[in-house]
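Student: One structure, pasted below without further comment.
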There are 2 protein chains.
Amino acid sequence: MTSYLLTPGPLTTSDATRRAMNRDWGSRDKDFIGLTRRLRERLCRIAEAGPAYTCVPLQGSGTFIIEAALQTLVPADGKLLVLINGAYGRRMVEIMRRAGREVDAIEVGEDETIPAARVAERLAADPAVTDVALVHCETTAGILNPLESVAEAVRRAGRRLLVDAMSSFGALPIATEALGLAAIVASSNKCLEGVPGIGFAVVDTSLLAARKGNAASLTLDLHAQWRGFEENGQWRFTPPTQVLAALGAALDQHEAEGGVAARAARYAANCRALVDGMRRLGFRTLLSDAVQAPIIVTFLVPPHPAFRFAEFYDRLHARGFVIYPGKLTKVDSFRIGCIGAIDDAVITRALDAVETVMREMGMTPGGLYNA
Amino acid sequence: MTSYLLTPGPLTTSDATRRAMNRDWGSRDKDFIGLTRRLRERLCRIAEAGPAYTCVPLQGSGTFIIEAALQTLVPADGKLLVLINGAYGRRMVEIMRRAGREVDAIEVGEDETIPAARVAERLAADPAVTDVALVHCETTAGILNPLESVAEAVRRAGRRLLVDAMSSFGALPIATEALGLAAIVASSNKCLEGVPGIGFAVVDTSLLAARKGNAASLTLDLHAQWRGFEENGQWRFTPPTQVLAALGAALDQHEAEGGVAARAARYAANCRALVDGMRRLGFRTLLSDAVQAPIIVTFLVPPHPAFRFAEFYDRLHARGFVIYPGKLTKVDSFRIGCIGAIDDAVITRALDAVETVMREMGMTPGGLYNA
């Protein structure tokens, strides 16, 4: 049976994307060098980044490219300020501590956006901070952070901003160059709708050029990775060739759909259908609609005695819908994603499945908070 | 047109292996947890490692799992002795230097095997060395190192041996437990005939358990990666789900073929056909047959004035055979691999293509050294 993945990724992909994996590629062959070059160019365009920027893809998951960007771009004698409202911000602090690098943080609640004014205050108070890191869409709760106002505060303070755009890249516009970002990082298997295995950074080239030998890791050194591409077009180390071929196909479909704007519209429709439908069934969202990103939605565990998440998950799974099997937030909740190669008709079928499962479990749709 | 990859990897894969990628998997779903668990168990069995060992897979290329193993397993205050006869040994030294760890080396020529007696002498002379690293099959020249005698020397000296089995795992028997190895590392896309994107270490569990916090990287920390699997069966960070599904299918085929012994026999036949055929055409090998591993063969660039490698490569490419596009050795040479989902009938066709290309380029088969 075909299952739909309603998670923060890996996601449901299209047949065309998966079909692109049905070929073997010589990873140092000219055909593959061309594929890599085109991918790097297209990712820069999606990032709205001109010739002052370069795209450096890296093997591994999103966390690998995050760690590589932090190890390479934050100077070894610098200090990073991480803006936290969820698990992914906290993870950046852990990466820096592991590497023995200086790090500080501003942390707010998981249902609150990062306040740009507090960032400005902190930067004014701490001249040691050289770099700031922001998670654009924090999928812990599914919140959208105010990238523009934070970027403005960081720029005014004369510091560099690194953006984790893992869960927004390709579906929410990011004016990398206009905002003066030092780097944004993302991965193949979120809103670009590729399969997992590759992350990438779109980086200010002059900054990257100045960071030779700054990373204390060979594989996570984005400067050396970049030099490899520039010197002969090849990857330093074996890339996941089929994953990259799938990403190429996924970018074809992204372009054919109408780029970032069209994808944003489809995901917004998915999100609207999901939130409206779940509320009709009696569920409540953790976030207010004003700060909800159209990526993944956190629903509170209802007080109804018949709701047991493990059973709810398994029954939805049996009906072909895989939701996130757990929670990242501090409050008791669960998450359903609305991204991937799906439209609101799929969301409607998922909602039908939720309604059926509720009745099977002895819950009356609409009656979760007054059982 | 179908191309055959006669390289050190990525390789030609079977249709069944690539077909296994035509599914989306929830990476935290129970189905995928089961897939991961079975892979880890099967890789331990191929490594001839019992319950005292565990398998820890890691996202990325072979170099990622090498760096992760070195960062995690060599104590931060220890010292690694790297045994070098090619590029992959030299790379381990670079990894250690980058991480600020102590490292020393024994280096011999690329066409010489590592002498166990010199290892024993060095270990007796330098009590600071805690760990030794050996590349089992050094694909720089294609040489097979004497794993058993080196392991014996290291064991007698009371040190730990880490083995890079990247290009031998699955095709040459490695008695991990009987040899008392601390760890062996390999990847999905060599002799196991999967697609690239995953490396793995088979590690002495008690050693791994003692290395909490030893790595200065979050993503490359094999101890934390292992704890993740042990705690809930899940990957800490998003894995390349399709790559792992392909590896599962590839291991099914490895088992159906008859395991390591059958694969060794097929590759040996491929290698024999390749070496004999190329010699008949007038080429000479860098290595003597006694030290040649049945993985990849290095041929000397012949002195014939009509031989230009770039043209030779392109013409073979046009006929559907992709060889390694360059060299790693210090001597002027090129490499042709004999591993992957191919048999000696494919090698025979490749030799026919070489012969045709030689004639097209104005070389007489058999007459390369007396033109």
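Convention: chains lettered A, B, ... in structure tokens order; per-chain residue numbering from 1; ligands numbered from 1 as shown.
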Skip A:Pro196 itself and residues of its chain fewer than 4 positions away, then list as a short mmCIF file (atom, residue, chain, number, x, y, z; two decimals) with C-alpha atoms, in the first residue's frame all residues within 8 Å of it, counting only C-alpha atoms.
Tutor:
```
data_model
loop_
_atom_site.label_atom_id
_atom_site.label_comp_id
_atom_site.auth_asym_id
_atom_site.auth_seq_id
_atom_site.Cartn_x
_atom_site.Cartn_y
_atom_site.Cartn_z
CA PRO A 10 11.63 12.55 4.89
CA SER A 61 21.56 14.84 6.97
CA SER A 187 18.60 19.85 2.85
CA SER A 188 17.31 17.79 -0.04
CA ASN A 189 14.39 16.13 1.66
CA VAL A 243 20.12 11.11 -4.05
CA THR B 238 17.62 11.79 9.29
CA PRO B 239 19.13 8.83 7.42
CA PRO B 240 19.10 8.42 3.63
CA THR B 241 16.12 6.06 3.75
CA GLN B 242 16.24 4.95 0.11
#
```
Student: Per DSSP on the backbone, what are the strand (DSSP E or B) residues of stretch 28-81 of chain B, as an MDAnalysis selection string?
Tutor: chainID B and resid 53:59 79:81
Student: Take the residues that were just selected and, keeping N, CA and C atoms, output them as a short mmCIF file (atom, residue, chain, number, x, y, z; two decimals), in the first residue's frame.
Tutor:
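Done, and the output landed in selection-v4.cif:
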```
data_model
loop_
_atom_site.label_atom_id
_atom_site.label_comp_id
_atom_site.auth_asym_id
_atom_site.auth_seq_id
_atom_site.Cartn_x
_atom_site.Cartn_y
_atom_site.Cartn_z
N TYR B 53 30.40 -7.40 19.62
CA TYR B 53 30.54 -6.28 18.68
C TYR B 53 29.17 -5.71 18.35
N THR B 54 29.18 -4.46 17.85
CA THR B 54 27.95 -3.84 17.40
C THR B 54 28.23 -3.09 16.10
N CYS B 55 27.19 -2.93 15.30
CA CYS B 55 27.35 -2.21 14.03
C CYS B 55 26.71 -0.83 14.16
N VAL B 56 27.48 0.20 13.83
CA VAL B 56 26.97 1.58 13.89
C VAL B 56 27.05 2.20 12.50
N PRO B 57 25.94 2.30 11.81
CA PRO B 57 25.95 2.98 10.51
C PRO B 57 25.94 4.50 10.68
N LEU B 58 26.45 5.19 9.68
CA LEU B 58 26.54 6.65 9.73
C LEU B 58 26.28 7.23 8.34
N GLN B 59 25.54 8.31 8.29
CA GLN B 59 25.29 9.03 7.04
C GLN B 59 26.60 9.52 6.42
N LYS B 79 47.43 8.17 20.90
CA LYS B 79 48.26 8.43 19.73
C LYS B 79 48.01 7.32 18.71
N LEU B 80 47.76 7.74 17.49
CA LEU B 80 47.45 6.78 16.42
C LEU B 80 48.66 6.58 15.53
N LEU B 81 48.95 5.32 15.23
CA LEU B 81 49.98 4.99 14.24
C LEU B 81 49.27 4.53 12.96
#
```
Student: What's around A:Tyr369 at 7 Å? Count only C-alpha atoms, leave out sequence neighbours fewer than 6 positions away in its own chain, and write the answer as a list in words.
Tutor: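 The residues that qualify are Pro302, Pro303 and His304 of chain A.
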Student: Go ahead and write the residues just picked, N, CA, C and O atoms, as a PDB file, in the first residue's frame.
Tutor:
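Saved result, again.pdb, follows:
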```
ATOM      1  N   PRO A 302      -5.425  15.810  23.343  1.00  0.00           N
ATOM      2  CA  PRO A 302      -6.702  16.207  23.952  1.00  0.00           C
ATOM      3  C   PRO A 302      -6.915  15.495  25.286  1.00  0.00           C
ATOM      4  O   PRO A 302      -6.339  14.429  25.525  1.00  0.00           O
ATOM      5  N   PRO A 303      -7.742  16.085  26.156  1.00  0.00           N
ATOM      6  CA  PRO A 303      -7.946  15.504  27.495  1.00  0.00           C
ATOM      7  C   PRO A 303      -8.886  14.291  27.485  1.00  0.00           C
ATOM      8  O   PRO A 303      -9.155  13.722  28.533  1.00  0.00           O
ATOM      9  N   HIS A 304      -9.363  13.880  26.308  1.00  0.00           N
ATOM     10  CA  HIS A 304     -10.306  12.764  26.236  1.00  0.00           C
ATOM     11  C   HIS A 304      -9.633  11.459  26.705  1.00  0.00           C
ATOM     12  O   HIS A 304      -8.538  11.135  26.252  1.00  0.00           O
TER      13      HIS A 304
END
```
Student: Write out as a VMD selection string which residues come within 7 Å of B:Gly366 when counting only C-alpha atoms, dropping same-chain ones fewer than 3 positions away.
Tutor: chain B and resid 280 to 282
Student: Hey, can you check how far atom CA of A:Gly89 sits from atom CA of A:Ala215?
Tutor: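 Separation between atom CA of A:Gly89 and atom CA of A:Ala215: 20.2 Å.
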Student: Just the residues within 8 Å of A:Glu67, please, counting only C-alpha atoms, with nothing from its chain fewer than 3 positions along; format it as a list in words.
Tutor: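 What passes the distance filter is Thr63, Phe64, Leu70, Gln71, Met92, Ile95 and Leu220 of chain A; Leu218 and Thr219 of chain B.
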Student: Write the residues of the selection above to a file with C-alpha atoms, as an mmCIF file, in the first residue's frame.
Tutor:
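Ended up saving to part_5.cif:
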```cif
data_model
loop_
_atom_site.group_PDB
_atom_site.id
_atom_site.type_symbol
_atom_site.label_atom_id
_atom_site.label_comp_id
_atom_site.auth_asym_id
_atom_site.auth_seq_id
_atom_site.Cartn_x
_atom_site.Cartn_y
_atom_site.Cartn_z
ATOM 1 C CA THR A 63 22.560 18.306 11.050
ATOM 2 C CA PHE A 64 25.760 17.488 9.139
ATOM 3 C CA LEU A 70 29.197 26.327 12.177
ATOM 4 C CA GLN A 71 32.651 24.643 12.274
ATOM 5 C CA MET A 92 23.412 24.221 17.532
ATOM 6 C CA ILE A 95 27.501 21.373 18.318
ATOM 7 C CA LEU A 220 32.849 18.770 7.693
ATOM 8 C CA LEU B 218 28.191 15.916 17.324
ATOM 9 C CA THR B 219 27.415 14.356 13.947
#
```
Student: Give the answer as one residue: which of A:Phe312, A:Phe169, A:Phe334, A:Tyr324 has the shortest atom-to-atom distance to chain B, using only C-alpha atoms?
Tutor: A:Tyr324
Student: Enumerate as a PyMOL selection string all residues of stretch 28-213 of chain B assigned to alpha helix (DSSP H) by DSSP on the backbone, naming them with the chain letters and numbers the document uses.
Tutor: chain B and resi 30-46+62-73+87-98+116-125+147-156+205-209
Student: Contacts of A:Met361 at 10 Å or less, counting only C-alpha atoms, minus same-chain residues fewer than 5 places along, as a compact mmCIF listing (two decimals) with C-alpha atoms, in the first residue's frame?
Tutor:
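The result, written out as part.txt:
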```
# COMPACT_ATOMS: atom_id res chain seq x y z
CA ALA A 306 -9.84 7.40 24.99
CA PHE A 307 -6.98 9.25 23.24
CA ARG A 308 -3.81 7.21 23.39
CA GLU A 311 -2.84 3.63 19.14
CA PHE A 312 -3.84 6.76 17.18
CA ARG A 315 -4.36 3.12 13.31
CA GLU A 355 -12.20 10.90 11.90
CA THR A 356 -12.59 7.15 11.31
```
Student: Neighbouring residues of A:Ala268 were defined as those with any atom within 7 Å, considering only C-alpha atoms; residues of the same chain fewer than 4 positions away were excluded. Please report them as a tab-separated table (two decimals) with all heavy atoms, in the first residue's frame.
Tutor:
```
chain	number	residue	atom	x	y	z
A	264	ALA	N	4.74	27.60	-1.99
A	264	ALA	CA	4.20	28.25	-0.79
A	264	ALA	C	2.68	28.19	-0.80
A	264	ALA	O	2.05	27.92	0.23
A	264	ALA	CB	4.68	29.70	-0.73
A	272	ARG	N	-3.90	25.04	5.75
A	272	ARG	CA	-5.24	25.56	6.06
A	272	ARG	C	-6.23	24.40	6.19
A	272	ARG	O	-7.01	24.32	7.15
A	272	ARG	CB	-5.65	26.50	4.89
A	272	ARG	CG	-6.87	27.35	5.08
A	272	ARG	CD	-6.63	28.49	6.06
A	272	ARG	NE	-7.02	28.07	7.38
A	272	ARG	CZ	-6.44	28.45	8.51
A	272	ARG	NH1	-5.44	29.30	8.50
A	272	ARG	NH2	-6.86	28.02	9.66
A	294	PRO	N	3.54	27.14	7.39
A	294	PRO	CA	2.74	26.14	6.65
A	294	PRO	C	3.55	24.88	6.35
A	294	PRO	O	3.62	24.42	5.21
A	294	PRO	CB	2.39	26.89	5.37
A	294	PRO	CG	3.57	27.78	5.14
A	294	PRO	CD	4.04	28.20	6.50
```
